[in-house]
Amino acid sequence: MKKRIYLSPPHIGKMEKAYVDEAFRDNWIAPVGPHIDAFERELAQYVGVKGAVALNSGTAALHLALRLLGVEEGDVVFCSTLTFVASANPILYQGAHPVFIDSEPNSWNMSPQALERAFMDSAKNEKLPKAVIIVSLYGQSADMDPLLSICKRYGVPVIEDAAESLGATYKGKASGTFGDFGVYSFNGNKIITTSGGGALVSNDTEALNKARFWATQARDQARHYQHSDMGYNYRLSNVLAGIGRGQLQILDERIRTRRNIYDRYVRLLGDAPGFSFMPEMEGSYSTRWLTVVSIDLQQSGIRSVELVDRLEENNIEARAVWKPLHLQPLFEKCLYYSHKEGYSVSDHLFATGVCFPSGSTLEEEDIQRIVACIREMV
Ligand SMILES: *Cc1c(COP(=O)(O)O)cnc(C)c1O
């Protein structure tokens with residue numbers, strides 16, 4: 001069997017080990033320490049916001065953002081449907097109800113038309129959402145201008161789930177910095193990783209301090225352990241923040257590599273019948289965290305699942321596009337707004353989409369092996 005090719009494995013640079021060693025040398029192993037403070041500063045500076053809170057997952061960051069916006073039991077939160085379940089689970093943690101919003105074809109992210117219809121209905125029913133979670137998938141920002149202007153018109157705050165789009169820009173500004181709060185993830189398969197981790201970013205430094213307080217068990221300023229508020233154990237450790245600092249230094253390089261991998265796929269497979277690669281919207285700079293292609297069954301004669309299976313037989317890890325959350329048994333009872341009445345973009349992308357191996361460790365010969373395998377089918 002040939003060596004396994006992973007979808008998006010970790011890729012460590014030169015500095016991570018040195019920072020981790022430093023944490024060991026100084027015995028800063030706990031979820032406090034100089035690497036955490038530095039990582040937060042460096043991340044905030046990289047994306048251009050006033051502050052960041054380093055956490056043990058992106059999911060934790062989403063949860064804290066919802067609580068900061070006062071989302072409570074019985075509230076409604078709008079959320080992109082085409083995403084990983086972690087985008088919406090924190091809505092359930094708060095006892096609130098998600099309403100799912102479809103994608104549009106240009107960015108594959110949230111559809112302004114669908115969002116507008118969802119708002120019109122909720123205004124009619126006099127129950128506006130408490131927040132809107134806009135997800136930016138596969139390395140590309142959602143079309144923020146029209147989405148933000150709708151949310152602003154209704155006076156509803158925005159959380160950007162930029163777990164997959166760290167390093168991307170929209171009209172020159174970093175993905176994750178458009179909403180009231182932005183969320184990043186440093187899980188093992190993301191463009192940079194701390195093995196597991198996340199961050200909450202914002203220009204509201206007071207809110208971020210509150211998030212830090214909740215993330216460390218909400219301990220009051222007292223000589224004994226005293227608590228007046230409910231907290232969580234959500235902080236990143238100083239050791240892992242050291243990995244994050246090293247990874248942040250090579251993020252731009254990783255983006256260039258992933259974009260090159262995308263270009264190679266397009267060059268080698270762009271003429272395959274029925275293949276359409278995820279578009280890069282005008283004004284948007286994608287990291288191409290994953291190279292994703294939608295495969296038209298009529299034109300290509302291939303089902304996306306068959307392609308994933310064939311690659312797997314050759315020890316190559318590919319994946320279907322996210323199964324939309326409105327199709328998940330967990331969210332069976334939730335409302336859903338499609339891009340157009342009777343036409344759901346996310347359903348189509350789920351049925352036709354495949355994510356190709358896109359890690360920055362991928363070699364040219366790996367790409368050749370993947371493409372050869374696909375070429376046998378088309
Ligand atoms: C990875 C991911 C998350 C969750 O991040 P974790 O750090 O794994 O908790 C949330 N949303 C999206 C879109 C993701 O891809």
# chains A, B, ... in the order shown; residues from 1 in each chain; ligands from 1
$ select_by_dssp --residues "range 80-275 of chain A" --states "alpha helix (DSSP H)" --output "ChimeraX atom specification"
/A:89-93,112-124,144-153,205-215,238-249,251-269
$ residues_around --residues "range 22-31 of chain A" --least-positions-apart "6" --cutoff "9 Å" --atoms "only C-alpha atoms" --output "list in words"
Thr216, Arg235, Leu236, Ser237, Asn238, Val239, Leu240 and Gly242 of chain A
$ write_last_selection --atoms "N, CA, C and O atoms" --output "PDB file, in the first residue's frame"
ATOM      1  N   THR A 216     -12.170  30.926  32.737  1.00  0.00           N
ATOM      2  CA  THR A 216     -11.339  30.398  33.824  1.00  0.00           C
ATOM      3  C   THR A 216     -12.167  30.262  35.098  1.00  0.00           C
ATOM      4  O   THR A 216     -11.775  30.698  36.165  1.00  0.00           O
ATOM      5  N   ARG A 235      -9.779  27.758  28.858  1.00  0.00           N
ATOM      6  CA  ARG A 235      -8.566  28.481  28.474  1.00  0.00           C
ATOM      7  C   ARG A 235      -7.575  27.555  27.774  1.00  0.00           C
ATOM      8  O   ARG A 235      -7.480  26.365  28.085  1.00  0.00           O
ATOM      9  N   LEU A 236      -6.804  28.117  26.849  1.00  0.00           N
ATOM     10  CA  LEU A 236      -5.713  27.384  26.193  1.00  0.00           C
ATOM     11  C   LEU A 236      -4.536  27.293  27.169  1.00  0.00           C
ATOM     12  O   LEU A 236      -4.342  28.186  27.986  1.00  0.00           O
ATOM     13  N   SER A 237      -3.729  26.218  27.069  1.00  0.00           N
ATOM     14  CA  SER A 237      -2.573  26.131  27.958  1.00  0.00           C
ATOM     15  C   SER A 237      -1.412  26.935  27.380  1.00  0.00           C
ATOM     16  O   SER A 237      -1.344  27.190  26.178  1.00  0.00           O
ATOM     17  N   ASN A 238      -0.518  27.329  28.255  1.00  0.00           N
ATOM     18  CA  ASN A 238       0.648  28.114  27.847  1.00  0.00           C
ATOM     19  C   ASN A 238       1.559  27.327  26.898  1.00  0.00           C
ATOM     20  O   ASN A 238       2.182  27.901  26.009  1.00  0.00           O
ATOM     21  N   VAL A 239       1.619  26.008  27.075  1.00  0.00           N
ATOM     22  CA  VAL A 239       2.424  25.157  26.190  1.00  0.00           C
ATOM     23  C   VAL A 239       1.881  25.223  24.761  1.00  0.00           C
ATOM     24  O   VAL A 239       2.624  25.446  23.795  1.00  0.00           O
ATOM     25  N   LEU A 240       0.563  25.060  24.636  1.00  0.00           N
ATOM     26  CA  LEU A 240      -0.049  25.056  23.309  1.00  0.00           C
ATOM     27  C   LEU A 240      -0.014  26.441  22.671  1.00  0.00           C
ATOM     28  O   LEU A 240       0.110  26.564  21.450  1.00  0.00           O
ATOM     29  N   GLY A 242       2.393  28.336  22.897  1.00  0.00           N
ATOM     30  CA  GLY A 242       3.741  28.380  22.310  1.00  0.00           C
ATOM     31  C   GLY A 242       3.745  27.812  20.897  1.00  0.00           C
ATOM     32  O   GLY A 242       4.348  28.386  19.979  1.00  0.00           O
TER      33      GLY A 242
END
$ residues_near_ligand --ligand "ligand 1" --cutoff "9 Å" --atoms "only C-alpha atoms and all ligand atoms" --output "PyMOL selection string"
chain A and resi 55-62+82-88+135-138+161-165+183-190+196-199
$ closest_residue --among "A:Arg254, A:Ala142, A:Gly179, A:Leu307" --to "Glu160 in chain A" --atoms "only C-alpha atoms"
A:Gly179
$ closest_residue --among "A:Pro129, A:Pro90, A:Pro112, A:Pro357" --to "Asp143 in chain A" --atoms "only C-alpha atoms"
A:Pro112
$ closest_residue --among "A:Asp271, A:Glu40, A:Glu341, A:Glu72" --to "Ala114 in chain A" --atoms "only C-alpha atoms"
A:Glu341
$ atom_distance --atom1 "CA of Thr291 in chain A" --atom2 "CA of Val266 in chain A"
9.3 Å
$ residues_around --residues "Met15 in chain A" --least-positions-apart "3" --cutoff "10 Å" --atoms "only C-alpha atoms" --output "mmCIF file with N, CA, C and O atoms, in the first residue's frame"
data_model
loop_
_atom_site.group_PDB
_atom_site.id
_atom_site.type_symbol
_atom_site.label_atom_id
_atom_site.label_comp_id
_atom_site.auth_asym_id
_atom_site.auth_seq_id
_atom_site.Cartn_x
_atom_site.Cartn_y
_atom_site.Cartn_z
ATOM 1 N N ILE A 12 4.263 21.601 11.047
ATOM 2 C CA ILE A 12 4.991 22.375 12.055
ATOM 3 C C ILE A 12 6.185 23.088 11.417
ATOM 4 O O ILE A 12 6.845 22.546 10.530
ATOM 5 N N ALA A 18 10.912 25.496 19.979
ATOM 6 C CA ALA A 18 11.648 26.417 20.841
ATOM 7 C C ALA A 18 10.714 27.083 21.857
ATOM 8 O O ALA A 18 11.053 27.205 23.049
ATOM 9 N N TYR A 19 9.531 27.482 21.400
ATOM 10 C CA TYR A 19 8.580 28.111 22.331
ATOM 11 C C TYR A 19 8.093 27.103 23.369
ATOM 12 O O TYR A 19 7.926 27.434 24.541
ATOM 13 N N VAL A 20 7.842 25.869 22.923
ATOM 14 C CA VAL A 20 7.385 24.839 23.867
ATOM 15 C C VAL A 20 8.490 24.547 24.892
ATOM 16 O O VAL A 20 8.230 24.463 26.095
ATOM 17 N N GLY A 242 2.393 28.336 22.897
ATOM 18 C CA GLY A 242 3.741 28.380 22.310
ATOM 19 C C GLY A 242 3.745 27.812 20.897
ATOM 20 O O GLY A 242 4.348 28.386 19.979
ATOM 21 N N ILE A 243 3.047 26.701 20.702
ATOM 22 C CA ILE A 243 2.925 26.141 19.343
ATOM 23 C C ILE A 243 2.226 27.156 18.444
ATOM 24 O O ILE A 243 2.657 27.406 17.313
ATOM 25 N N GLY A 244 1.191 27.767 18.964
ATOM 26 C CA GLY A 244 0.426 28.746 18.188
ATOM 27 C C GLY A 244 1.286 29.923 17.739
ATOM 28 O O GLY A 244 1.153 30.392 16.602
ATOM 29 N N ARG A 245 2.175 30.385 18.607
ATOM 30 C CA ARG A 245 3.044 31.527 18.236
ATOM 31 C C ARG A 245 3.942 31.160 17.055
ATOM 32 O O ARG A 245 4.119 31.956 16.142
ATOM 33 N N GLY A 246 4.488 29.945 17.099
ATOM 34 C CA GLY A 246 5.330 29.504 15.983
ATOM 35 C C GLY A 246 4.532 29.361 14.702
ATOM 36 O O GLY A 246 4.974 29.775 13.625
ATOM 37 N N GLN A 247 3.327 28.813 14.821
ATOM 38 C CA GLN A 247 2.480 28.591 13.646
ATOM 39 C C GLN A 247 2.052 29.909 12.998
ATOM 40 O O GLN A 247 1.977 30.019 11.781
ATOM 41 N N LEU A 248 1.781 30.895 13.840
ATOM 42 C CA LEU A 248 1.337 32.200 13.331
ATOM 43 C C LEU A 248 2.418 32.833 12.442
ATOM 44 O O LEU A 248 2.111 33.486 11.448
ATOM 45 N N GLN A 249 3.670 32.586 12.786
ATOM 46 C CA GLN A 249 4.767 33.176 12.009
ATOM 47 C C GLN A 249 4.845 32.631 10.583
ATOM 48 O O GLN A 249 5.404 33.277 9.714
ATOM 49 N N ILE A 250 4.317 31.431 10.382
ATOM 50 C CA ILE A 250 4.414 30.834 9.042
ATOM 51 C C ILE A 250 3.052 30.741 8.349
ATOM 52 O O ILE A 250 2.917 30.116 7.303
#
$ residues_around --residues "Ala118 in chain A" --least-positions-apart "2" --cutoff "9 Å" --atoms "only C-alpha atoms" --output "VMD selection string"
chain A and resid 78 99 to 101 113 to 116 120 to 123 336 to 337
$ residues_around --residues "Thr205 in chain A" --least-positions-apart "5" --cutoff "12 Å" --atoms "only C-alpha atoms" --output "PyMOL selection string"
chain A and resi 44+49-53+68+180-181+200+210-212
$ write_last_selection --atoms "N, CA, C and O atoms" --output "JSON list (two decimals), in the first residue's frame"
[["chain", "number", "residue", "atom", "x", "y", "z"],
["A", 44, "ALA", "N", -4.12, 39.08, 17.51],
["A", 44, "ALA", "CA", -4.92, 40.31, 17.35],
["A", 44, "ALA", "C", -4.25, 41.24, 16.35],
["A", 44, "ALA", "O", -4.91, 41.83, 15.48],
["A", 49, "VAL", "N", -7.30, 43.49, 15.04],
["A", 49, "VAL", "CA", -8.35, 43.84, 16.01],
["A", 49, "VAL", "C", -7.70, 44.24, 17.33],
["A", 49, "VAL", "O", -6.50, 44.03, 17.52],
["A", 50, "LYS", "N", -8.53, 44.76, 18.24],
["A", 50, "LYS", "CA", -7.98, 45.25, 19.52],
["A", 50, "LYS", "C", -7.57, 44.12, 20.45],
["A", 50, "LYS", "O", -6.65, 44.28, 21.23],
["A", 51, "GLY", "N", -8.26, 42.98, 20.37],
["A", 51, "GLY", "CA", -7.90, 41.92, 21.32],
["A", 51, "GLY", "C", -8.33, 40.53, 20.89],
["A", 51, "GLY", "O", -9.17, 40.36, 20.00],
["A", 52, "ALA", "N", -7.70, 39.54, 21.56],
["A", 52, "ALA", "CA", -8.02, 38.13, 21.31],
["A", 52, "ALA", "C", -7.97, 37.39, 22.64],
["A", 52, "ALA", "O", -7.21, 37.76, 23.54],
["A", 53, "VAL", "N", -8.79, 36.36, 22.78],
["A", 53, "VAL", "CA", -8.72, 35.47, 23.94],
["A", 53, "VAL", "C", -8.41, 34.08, 23.43],
["A", 53, "VAL", "O", -9.14, 33.53, 22.60],
["A", 68, "LEU", "N", -21.91, 36.25, 25.56],
["A", 68, "LEU", "CA", -21.62, 37.69, 25.62],
["A", 68, "LEU", "C", -22.73, 38.51, 24.98],
["A", 68, "LEU", "O", -23.01, 39.63, 25.40],
["A", 180, "ASP", "N", -19.37, 41.46, 15.43],
["A", 180, "ASP", "CA", -19.10, 41.92, 16.80],
["A", 180, "ASP", "C", -18.04, 41.03, 17.44],
["A", 180, "ASP", "O", -17.23, 41.50, 18.22],
["A", 181, "PHE", "N", -18.09, 39.74, 17.08],
["A", 181, "PHE", "CA", -17.07, 38.80, 17.55],
["A", 181, "PHE", "C", -16.66, 37.89, 16.39],
["A", 181, "PHE", "O", -17.47, 37.55, 15.54],
["A", 200, "LEU", "N", -11.19, 33.82, 20.44],
["A", 200, "LEU", "CA", -12.28, 34.77, 20.26],
["A", 200, "LEU", "C", -11.63, 36.13, 20.04],
["A", 200, "LEU", "O", -10.76, 36.52, 20.82],
["A", 210, "LYS", "N", -14.45, 39.84, 29.95],
["A", 210, "LYS", "CA", -15.53, 39.03, 30.51],
["A", 210, "LYS", "C", -15.37, 37.57, 30.03],
["A", 210, "LYS", "O", -15.53, 36.63, 30.81],
["A", 211, "ALA", "N", -15.03, 37.40, 28.76],
["A", 211, "ALA", "CA", -14.84, 36.05, 28.21],
["A", 211, "ALA", "C", -13.69, 35.34, 28.92],
["A", 211, "ALA", "O", -13.78, 34.15, 29.24],
["A", 212, "ARG", "N", -12.60, 36.09, 29.19],
["A", 212, "ARG", "CA", -11.46, 35.50, 29.91],
["A", 212, "ARG", "C", -11.88, 35.03, 31.30],
["A", 212, "ARG", "O", -11.48, 33.97, 31.77]]
$ select_by_dssp --residues "range 134-322 of chain A" --states "strand (DSSP E)" --output "VMD selection string"
chain A and resid 134 to 135 158 to 161 169 to 170 173 to 174 181 to 185 198 to 202 275 to 277 284 to 285 291 to 295 319 to 320
$ closest_atom_pairs --of "range 239-288 of chain A" --to "range 167-171 of chain A" --cutoff "9 Å" --atoms "only C-alpha atoms" --output "Markdown table"
| residue | atom | partner | partner_atom | distance |
| --- | --- | --- | --- | --- |
| A:Leu251 | CA | A:Gly167 | CA | 7.3 |
| A:Asp252 | CA | A:Gly167 | CA | 7.3 |
| A:Ile255 | CA | A:Gly167 | CA | 7.3 |
| A:Glu282 | CA | A:Lys171 | CA | 8.6 |
| A:Gly283 | CA | A:Lys171 | CA | 4.9 |
| A:Ser284 | CA | A:Tyr170 | CA | 4.5 |
| A:Tyr285 | CA | A:Thr169 | CA | 5.1 |
| A:Ser286 | CA | A:Ala168 | CA | 5.0 |
| A:Thr287 | CA | A:Ala168 | CA | 5.4 |
| A:Arg288 | CA | A:Ala168 | CA | 8.7 |
$ closest_residue --among "A:Glu206, A:Phe39, A:Ser149, A:Val293" --to "Pro279 in chain A" --atoms "only C-alpha atoms"
A:Val293
$ closest_residue --among "A:Ile5, A:Val201, A:Ile159, A:Ile150" --to "Arg41 in chain A" --atoms "only C-alpha atoms"
A:Val201
$ atom_distance --atom1 "CA of Ile370 in chain A" --atom2 "CA of Arg267 in chain A"
13.4 Å
$ atom_distance --atom1 "CA of Leu362 in chain A" --atom2 "CA of Ile191 in chain A"
13.1 Å
$ residues_around --residues "Val378 in chain A" --least-positions-apart "4" --cutoff "9 Å" --atoms "only C-alpha atoms" --output "PyMOL selection string"
chain A and resi 272-273+300-302+374
$ closest_residue --among "A:Val47, A:Met1, A:Met281, A:Ala241" --to "Gly176 in chain A" --atoms "only C-alpha atoms"
A:Val47
$ residues_around --residues "range 312-321 of chain A" --least-positions-apart "5" --cutoff "10 Å" --atoms "only C-alpha atoms" --output "ChimeraX atom specification"
/A:1-8,82-84,138,292-294,304-307,346,349-358,366,369-370,373
